[in-house]
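Novice: Input: one structure, supplied below.
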Amino acid sequence: MYGWIWRHLPGNAWVKALLSLVLVVAVVYVLFQYVFPWAEPLLPFNDVTVDNQ
Amino acid sequence: MAATTEQQELTGSPAGPRRRGTGRVAAAVSVFGELLITAGLVLGLFVVYSLWWTNVIADRKADRQGDKVRDSWAQEEKGGPVAYDSKNGIGFLHVPDMTGDEILVEKGTTSKVLNDGVAGYYTDPVKAALPTSGKKGNFSLAAHRDGHGAKFHNIHKLKKGDPIVFETKDKWYVYKVYGILPETSKYNVKVLGAVPKESGRTKAGHYITLTTCTPIYTSRYRYVVWGELDRVEKVDDQRTPPKELSGS
């Protein structure tokens, strides 16, 4: 999978490395900005109140 | 990333036309392995997100909202137009034995409120009695133990007799901790009652209740700390804090 991505990135090794870094940053951004905030309330780690539900 | 790429190339390269069958299996296994590694990395990132990033975001928001509250107080003091908005918070909680920071108090205990790095007073299932109303009752609060500011992270450091001070525009409400319930069910709404019987009190009074989750990093149980109003001090011109806070 990662090898496939590496082979399909254009340019020489340096350009590939730079593009990989950009991709990693983009993935982390999407995770932190959208995926984790969505997933968090669905997981039972952060309920702090007492209630009768 | 680099390590997995090497691994892919090592396992993937023998997939020449000679050994197509084993090459396919090897490729499938290596993709599966990479997916597992990816899943591990994502879970690791989620921990980083929960325990660090949400604190960064929440502290930023709480600071901004806290500044707004202080600004509106200062404006009111000067006799300017009152831009008071209870949405921004009703006051600050100071618990020197738990945290050196002040904790903004806002209305409600939904995750939308609490995720801004503040403590929320209960409106449901039991409505909190605000100290500013002067009536007897229970000022019940909740805040996060971990992530989103983690304002009650060190709640276990509170002992009997420790001060909990609630600061409003013109008064300091000084409470003293008298009861601790280190573990209770999350359905135990009785701890929020106007007279929290489990704390040992039987008569109506001015109580404060802090609730959060326990053990740390999970939310299986709830941790409860009760305090009782010791005295109320007027805020002076310099906003001199009561003696319980001047040490910190």
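Chain identifiers are assigned as A, B, and so on, following the order in which chains appear in the structure tokens; residues are numbered from 1 within each chain, and ligands are numbered from 1 in order of appearance.
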Identify every residue of chain A that has at least one atom within 9 Å of any atom of chain B, counting only C-alpha atoms, and report the result as a list in words.

Specialist: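 Putting it all together, I get Met1, Tyr2, Gly3, Trp4, Trp6, Ser20, Val24, Val28, Leu31, Phe32, Phe36, Glu40, Pro41, Pro44, Phe45, Asn46, Asp47, Val48, Thr49, Val50, Asp51, Asn52 and Gln53 of chain A.
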
Novice: Select from chain A everything DSSP, run on the backbone, classes as alpha helix (DSSP H), then give the selection as a list in words.

Specialist: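 For chain A, the alpha helix (DSSP H) set is Tyr2, Gly3, Trp4, Ile5, Trp6, Arg7, His8, Ala13, Trp14, Val15, Lys16, Ala17, Leu18, Leu19, Ser20, Leu21, Val22, Leu23, Val24, Val25, Ala26, Val27, Val28, Tyr29, Val30, Phe36, Pro37, Trp38 and Ala39 of chain A.
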
Novice: Generate the output file for the selected residues, N, CA and C atoms, as an mmCIF file, in the first residue's frame.

Specialist:
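Final file, out28.cif:
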data_model
loop_
_atom_site.group_PDB
_atom_site.id
_atom_site.type_symbol
_atom_site.label_atom_id
_atom_site.label_comp_id
_atom_site.auth_asym_id
_atom_site.auth_seq_id
_atom_site.Cartn_x
_atom_site.Cartn_y
_atom_site.Cartn_z
ATOM 1 N N TYR A 2 1.738 1.363 1.048
ATOM 2 C CA TYR A 2 2.625 2.537 1.096
ATOM 3 C C TYR A 2 3.644 2.494 -0.049
ATOM 4 N N GLY A 3 4.077 1.267 -0.384
ATOM 5 C CA GLY A 3 4.997 1.115 -1.512
ATOM 6 C C GLY A 3 4.339 1.554 -2.817
ATOM 7 N N TRP A 4 3.079 1.220 -2.960
ATOM 8 C CA TRP A 4 2.324 1.597 -4.151
ATOM 9 C C TRP A 4 2.250 3.125 -4.251
ATOM 10 N N ILE A 5 1.936 3.766 -3.098
ATOM 11 C CA ILE A 5 1.870 5.234 -3.091
ATOM 12 C C ILE A 5 3.233 5.816 -3.475
ATOM 13 N N TRP A 6 4.280 5.256 -2.870
ATOM 14 C CA TRP A 6 5.642 5.747 -3.121
ATOM 15 C C TRP A 6 5.988 5.652 -4.603
ATOM 16 N N ARG A 7 5.650 4.537 -5.183
ATOM 17 C CA ARG A 7 5.991 4.352 -6.606
ATOM 18 C C ARG A 7 5.197 5.284 -7.497
ATOM 19 N N HIS A 8 3.990 5.661 -7.078
ATOM 20 C CA HIS A 8 3.150 6.512 -7.927
ATOM 21 C C HIS A 8 3.352 7.995 -7.698
ATOM 22 N N ALA A 13 13.623 10.961 -5.400
ATOM 23 C CA ALA A 13 13.392 10.555 -4.011
ATOM 24 C C ALA A 13 13.076 11.738 -3.102
ATOM 25 N N TRP A 14 13.779 12.868 -3.317
ATOM 26 C CA TRP A 14 13.546 14.033 -2.451
ATOM 27 C C TRP A 14 12.136 14.580 -2.626
ATOM 28 N N VAL A 15 11.715 14.706 -3.876
ATOM 29 C CA VAL A 15 10.359 15.198 -4.142
ATOM 30 C C VAL A 15 9.342 14.244 -3.559
ATOM 31 N N LYS A 16 9.593 12.947 -3.724
ATOM 32 C CA LYS A 16 8.693 11.940 -3.170
ATOM 33 C C LYS A 16 8.603 12.072 -1.652
ATOM 34 N N ALA A 17 9.761 12.241 -1.019
ATOM 35 C CA ALA A 17 9.777 12.359 0.444
ATOM 36 C C ALA A 17 8.966 13.577 0.879
ATOM 37 N N LEU A 18 9.146 14.683 0.153
ATOM 38 C CA LEU A 18 8.431 15.908 0.492
ATOM 39 C C LEU A 18 6.922 15.718 0.317
ATOM 40 N N LEU A 19 6.545 15.103 -0.804
ATOM 41 C CA LEU A 19 5.120 14.862 -1.048
ATOM 42 C C LEU A 19 4.546 13.921 0.010
ATOM 43 N N SER A 20 5.314 12.915 0.411
ATOM 44 C CA SER A 20 4.849 11.999 1.457
ATOM 45 C C SER A 20 4.573 12.766 2.734
ATOM 46 N N LEU A 21 5.496 13.674 3.061
ATOM 47 C CA LEU A 21 5.343 14.471 4.277
ATOM 48 C C LEU A 21 4.057 15.296 4.209
ATOM 49 N N VAL A 22 3.816 15.901 3.042
ATOM 50 C CA VAL A 22 2.603 16.695 2.857
ATOM 51 C C VAL A 22 1.370 15.817 3.048
ATOM 52 N N LEU A 23 1.425 14.615 2.487
ATOM 53 C CA LEU A 23 0.298 13.693 2.628
ATOM 54 C C LEU A 23 0.064 13.331 4.096
ATOM 55 N N VAL A 24 1.161 13.047 4.818
ATOM 56 C CA VAL A 24 1.034 12.687 6.240
ATOM 57 C C VAL A 24 0.399 13.833 7.012
ATOM 58 N N VAL A 25 0.879 15.052 6.761
ATOM 59 C CA VAL A 25 0.337 16.216 7.462
ATOM 60 C C VAL A 25 -1.147 16.373 7.140
ATOM 61 N N ALA A 26 -1.501 16.171 5.873
ATOM 62 C CA ALA A 26 -2.902 16.305 5.476
ATOM 63 C C ALA A 26 -3.764 15.268 6.198
ATOM 64 N N VAL A 27 -3.269 14.039 6.288
ATOM 65 C CA VAL A 27 -4.036 12.983 6.951
ATOM 66 C C VAL A 27 -4.214 13.309 8.438
ATOM 67 N N VAL A 28 -3.123 13.742 9.080
ATOM 68 C CA VAL A 28 -3.208 14.081 10.509
ATOM 69 C C VAL A 28 -4.185 15.238 10.718
ATOM 70 N N TYR A 29 -4.150 16.218 9.818
ATOM 71 C CA TYR A 29 -5.059 17.355 9.933
ATOM 72 C C TYR A 29 -6.507 16.893 9.859
ATOM 73 N N VAL A 30 -6.813 16.060 8.851
ATOM 74 C CA VAL A 30 -8.188 15.576 8.686
ATOM 75 C C VAL A 30 -8.619 14.789 9.922
ATOM 76 N N PHE A 36 -11.564 12.685 14.666
ATOM 77 C CA PHE A 36 -11.534 12.475 16.113
ATOM 78 C C PHE A 36 -12.653 13.220 16.838
ATOM 79 N N PRO A 37 -12.916 14.493 16.487
ATOM 80 C CA PRO A 37 -14.037 15.151 17.160
ATOM 81 C C PRO A 37 -15.363 14.430 16.936
ATOM 82 N N TRP A 38 -15.471 13.769 15.786
ATOM 83 C CA TRP A 38 -16.700 13.020 15.524
ATOM 84 C C TRP A 38 -16.726 11.734 16.347
ATOM 85 N N ALA A 39 -15.571 11.070 16.445
ATOM 86 C CA ALA A 39 -15.526 9.762 17.095
ATOM 87 C C ALA A 39 -15.591 9.875 18.607
#

Novice: Could you give me, as a count of residues only, the residues within 12 Å of Lys107 in chain B, counting only C-alpha atoms and dropping anything in the same chain fewer than 5 positions from it?

Specialist: 27

Novice: For CA of His156 in chain B and CA of Met98 in chain B, quote the distance in Å rounded to one decimal.

Specialist: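 Straight-line distance from CA of His156 in chain B to CA of Met98 in chain B works out to 8.0 Å.
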
Novice: For Gln33 in chain A, which residue out of B:Val69, B:Gly137, B:Leu43, B:Ile57 is the nearest one, using only C-alpha atoms?

Specialist: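 Closest candidate: B:Ile57.
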
Novice: Excluding Thr168 in chain B and its own-chain neighbours fewer than 5 positions away, which residues fall within 12 Å of it when counting only C-alpha atoms? Please give them as an mmCIF file with N, CA and C atoms, in the first residue's frame.

Specialist:
data_model
loop_
_atom_site.group_PDB
_atom_site.id
_atom_site.type_symbol
_atom_site.label_atom_id
_atom_site.label_comp_id
_atom_site.auth_asym_id
_atom_site.auth_seq_id
_atom_site.Cartn_x
_atom_site.Cartn_y
_atom_site.Cartn_z
ATOM 1 N N GLY B 66 -13.009 33.632 29.418
ATOM 2 C CA GLY B 66 -12.728 34.205 30.731
ATOM 3 C C GLY B 66 -12.374 35.685 30.621
ATOM 4 N N VAL B 69 -15.470 37.705 30.223
ATOM 5 C CA VAL B 69 -16.198 37.900 31.472
ATOM 6 C C VAL B 69 -15.537 38.997 32.291
ATOM 7 N N ARG B 70 -14.210 38.932 32.424
ATOM 8 C CA ARG B 70 -13.496 39.951 33.219
ATOM 9 C C ARG B 70 -13.657 41.332 32.591
ATOM 10 N N SER B 72 -16.196 42.390 30.822
ATOM 11 C CA SER B 72 -17.546 42.897 31.045
ATOM 12 C C SER B 72 -17.719 43.334 32.494
ATOM 13 N N TRP B 73 -17.037 42.646 33.429
ATOM 14 C CA TRP B 73 -17.069 43.076 34.834
ATOM 15 C C TRP B 73 -16.429 44.455 34.975
ATOM 16 N N ALA B 74 -15.274 44.611 34.329
ATOM 17 C CA ALA B 74 -14.560 45.879 34.432
ATOM 18 C C ALA B 74 -15.401 47.004 33.837
ATOM 19 N N SER B 86 -24.523 35.896 30.180
ATOM 20 C CA SER B 86 -24.288 34.736 31.044
ATOM 21 C C SER B 86 -23.751 33.550 30.248
ATOM 22 N N GLY B 89 -20.208 32.864 30.911
ATOM 23 C CA GLY B 89 -19.793 32.368 32.212
ATOM 24 C C GLY B 89 -20.251 33.276 33.326
ATOM 25 N N ILE B 90 -20.401 32.694 34.513
ATOM 26 C CA ILE B 90 -20.944 33.441 35.627
ATOM 27 C C ILE B 90 -19.888 33.771 36.666
ATOM 28 N N GLY B 91 -18.721 33.166 36.560
ATOM 29 C CA GLY B 91 -17.685 33.452 37.548
ATOM 30 C C GLY B 91 -16.546 32.470 37.420
ATOM 31 N N PHE B 92 -15.644 32.532 38.390
ATOM 32 C CA PHE B 92 -14.447 31.681 38.334
ATOM 33 C C PHE B 92 -14.321 30.861 39.601
ATOM 34 N N LEU B 93 -13.874 29.638 39.406
ATOM 35 C CA LEU B 93 -13.633 28.747 40.523
ATOM 36 C C LEU B 93 -12.133 28.711 40.781
ATOM 37 N N HIS B 94 -11.758 28.878 42.050
ATOM 38 C CA HIS B 94 -10.345 28.776 42.418
ATOM 39 C C HIS B 94 -10.214 27.631 43.410
ATOM 40 N N ILE B 103 -10.836 28.482 37.076
ATOM 41 C CA ILE B 103 -11.710 27.708 36.195
ATOM 42 C C ILE B 103 -12.977 28.522 35.953
ATOM 43 N N LEU B 104 -13.227 28.826 34.706
ATOM 44 C CA LEU B 104 -14.435 29.551 34.360
ATOM 45 C C LEU B 104 -15.648 28.649 34.574
ATOM 46 N N VAL B 105 -16.727 29.220 35.091
ATOM 47 C CA VAL B 105 -17.943 28.443 35.316
ATOM 48 C C VAL B 105 -19.020 28.923 34.366
ATOM 49 N N GLU B 106 -19.575 28.004 33.618
ATOM 50 C CA GLU B 106 -20.644 28.323 32.669
ATOM 51 C C GLU B 106 -21.884 27.502 32.976
ATOM 52 N N LEU B 130 -27.554 28.471 42.445
ATOM 53 C CA LEU B 130 -26.407 29.370 42.287
ATOM 54 C C LEU B 130 -26.153 30.113 43.579
ATOM 55 N N PRO B 131 -24.885 30.239 43.977
ATOM 56 C CA PRO B 131 -24.586 30.962 45.216
ATOM 57 C C PRO B 131 -25.041 32.415 45.144
ATOM 58 N N THR B 132 -25.042 32.974 43.927
ATOM 59 C CA THR B 132 -25.424 34.380 43.786
ATOM 60 C C THR B 132 -26.883 34.608 44.152
ATOM 61 N N SER B 133 -27.700 33.531 44.101
ATOM 62 C CA SER B 133 -29.112 33.699 44.431
ATOM 63 C C SER B 133 -29.289 33.884 45.933
ATOM 64 N N TYR B 173 -17.067 33.644 47.297
ATOM 65 C CA TYR B 173 -17.756 32.630 48.093
ATOM 66 C C TYR B 173 -16.723 31.586 48.487
ATOM 67 N N VAL B 174 -16.419 31.512 49.771
ATOM 68 C CA VAL B 174 -15.370 30.602 50.229
ATOM 69 C C VAL B 174 -16.022 29.343 50.807
ATOM 70 N N VAL B 232 -18.770 34.581 53.017
ATOM 71 C CA VAL B 232 -18.810 35.344 51.771
ATOM 72 C C VAL B 232 -18.065 36.644 52.002
ATOM 73 N N GLU B 233 -17.133 36.948 51.120
ATOM 74 C CA GLU B 233 -16.392 38.212 51.243
ATOM 75 C C GLU B 233 -16.747 39.117 50.086
ATOM 76 N N LYS B 234 -16.760 40.408 50.382
ATOM 77 C CA LYS B 234 -16.992 41.367 49.301
ATOM 78 C C LYS B 234 -15.696 41.574 48.518
ATOM 79 N N VAL B 235 -15.826 41.752 47.214
ATOM 80 C CA VAL B 235 -14.657 42.044 46.398
ATOM 81 C C VAL B 235 -14.315 43.524 46.579
ATOM 82 N N ASP B 236 -13.030 43.807 46.870
ATOM 83 C CA ASP B 236 -12.635 45.213 47.032
ATOM 84 C C ASP B 236 -12.120 45.780 45.702
ATOM 85 N N ARG B 239 -9.563 43.834 43.921
ATOM 86 C CA ARG B 239 -9.925 42.409 43.806
ATOM 87 C C ARG B 239 -8.949 41.549 44.616
ATOM 88 N N PRO B 241 -7.706 38.789 46.661
ATOM 89 C CA PRO B 241 -8.322 37.483 46.909
ATOM 90 C C PRO B 241 -8.376 37.165 48.395
#

Novice: Taking only range 18-177 of chain B into account, list the residues labelled strand (DSSP E or B) by DSSP (computed from the backbone), as JSON, numbers by chain.

Specialist: {"B": [91, 92, 93, 94, 102, 103, 104, 105, 106, 107, 119, 120, 121, 137, 138, 139, 140, 141, 142, 163, 164, 165, 166, 167, 171, 172, 173, 174, 175, 176, 177]}
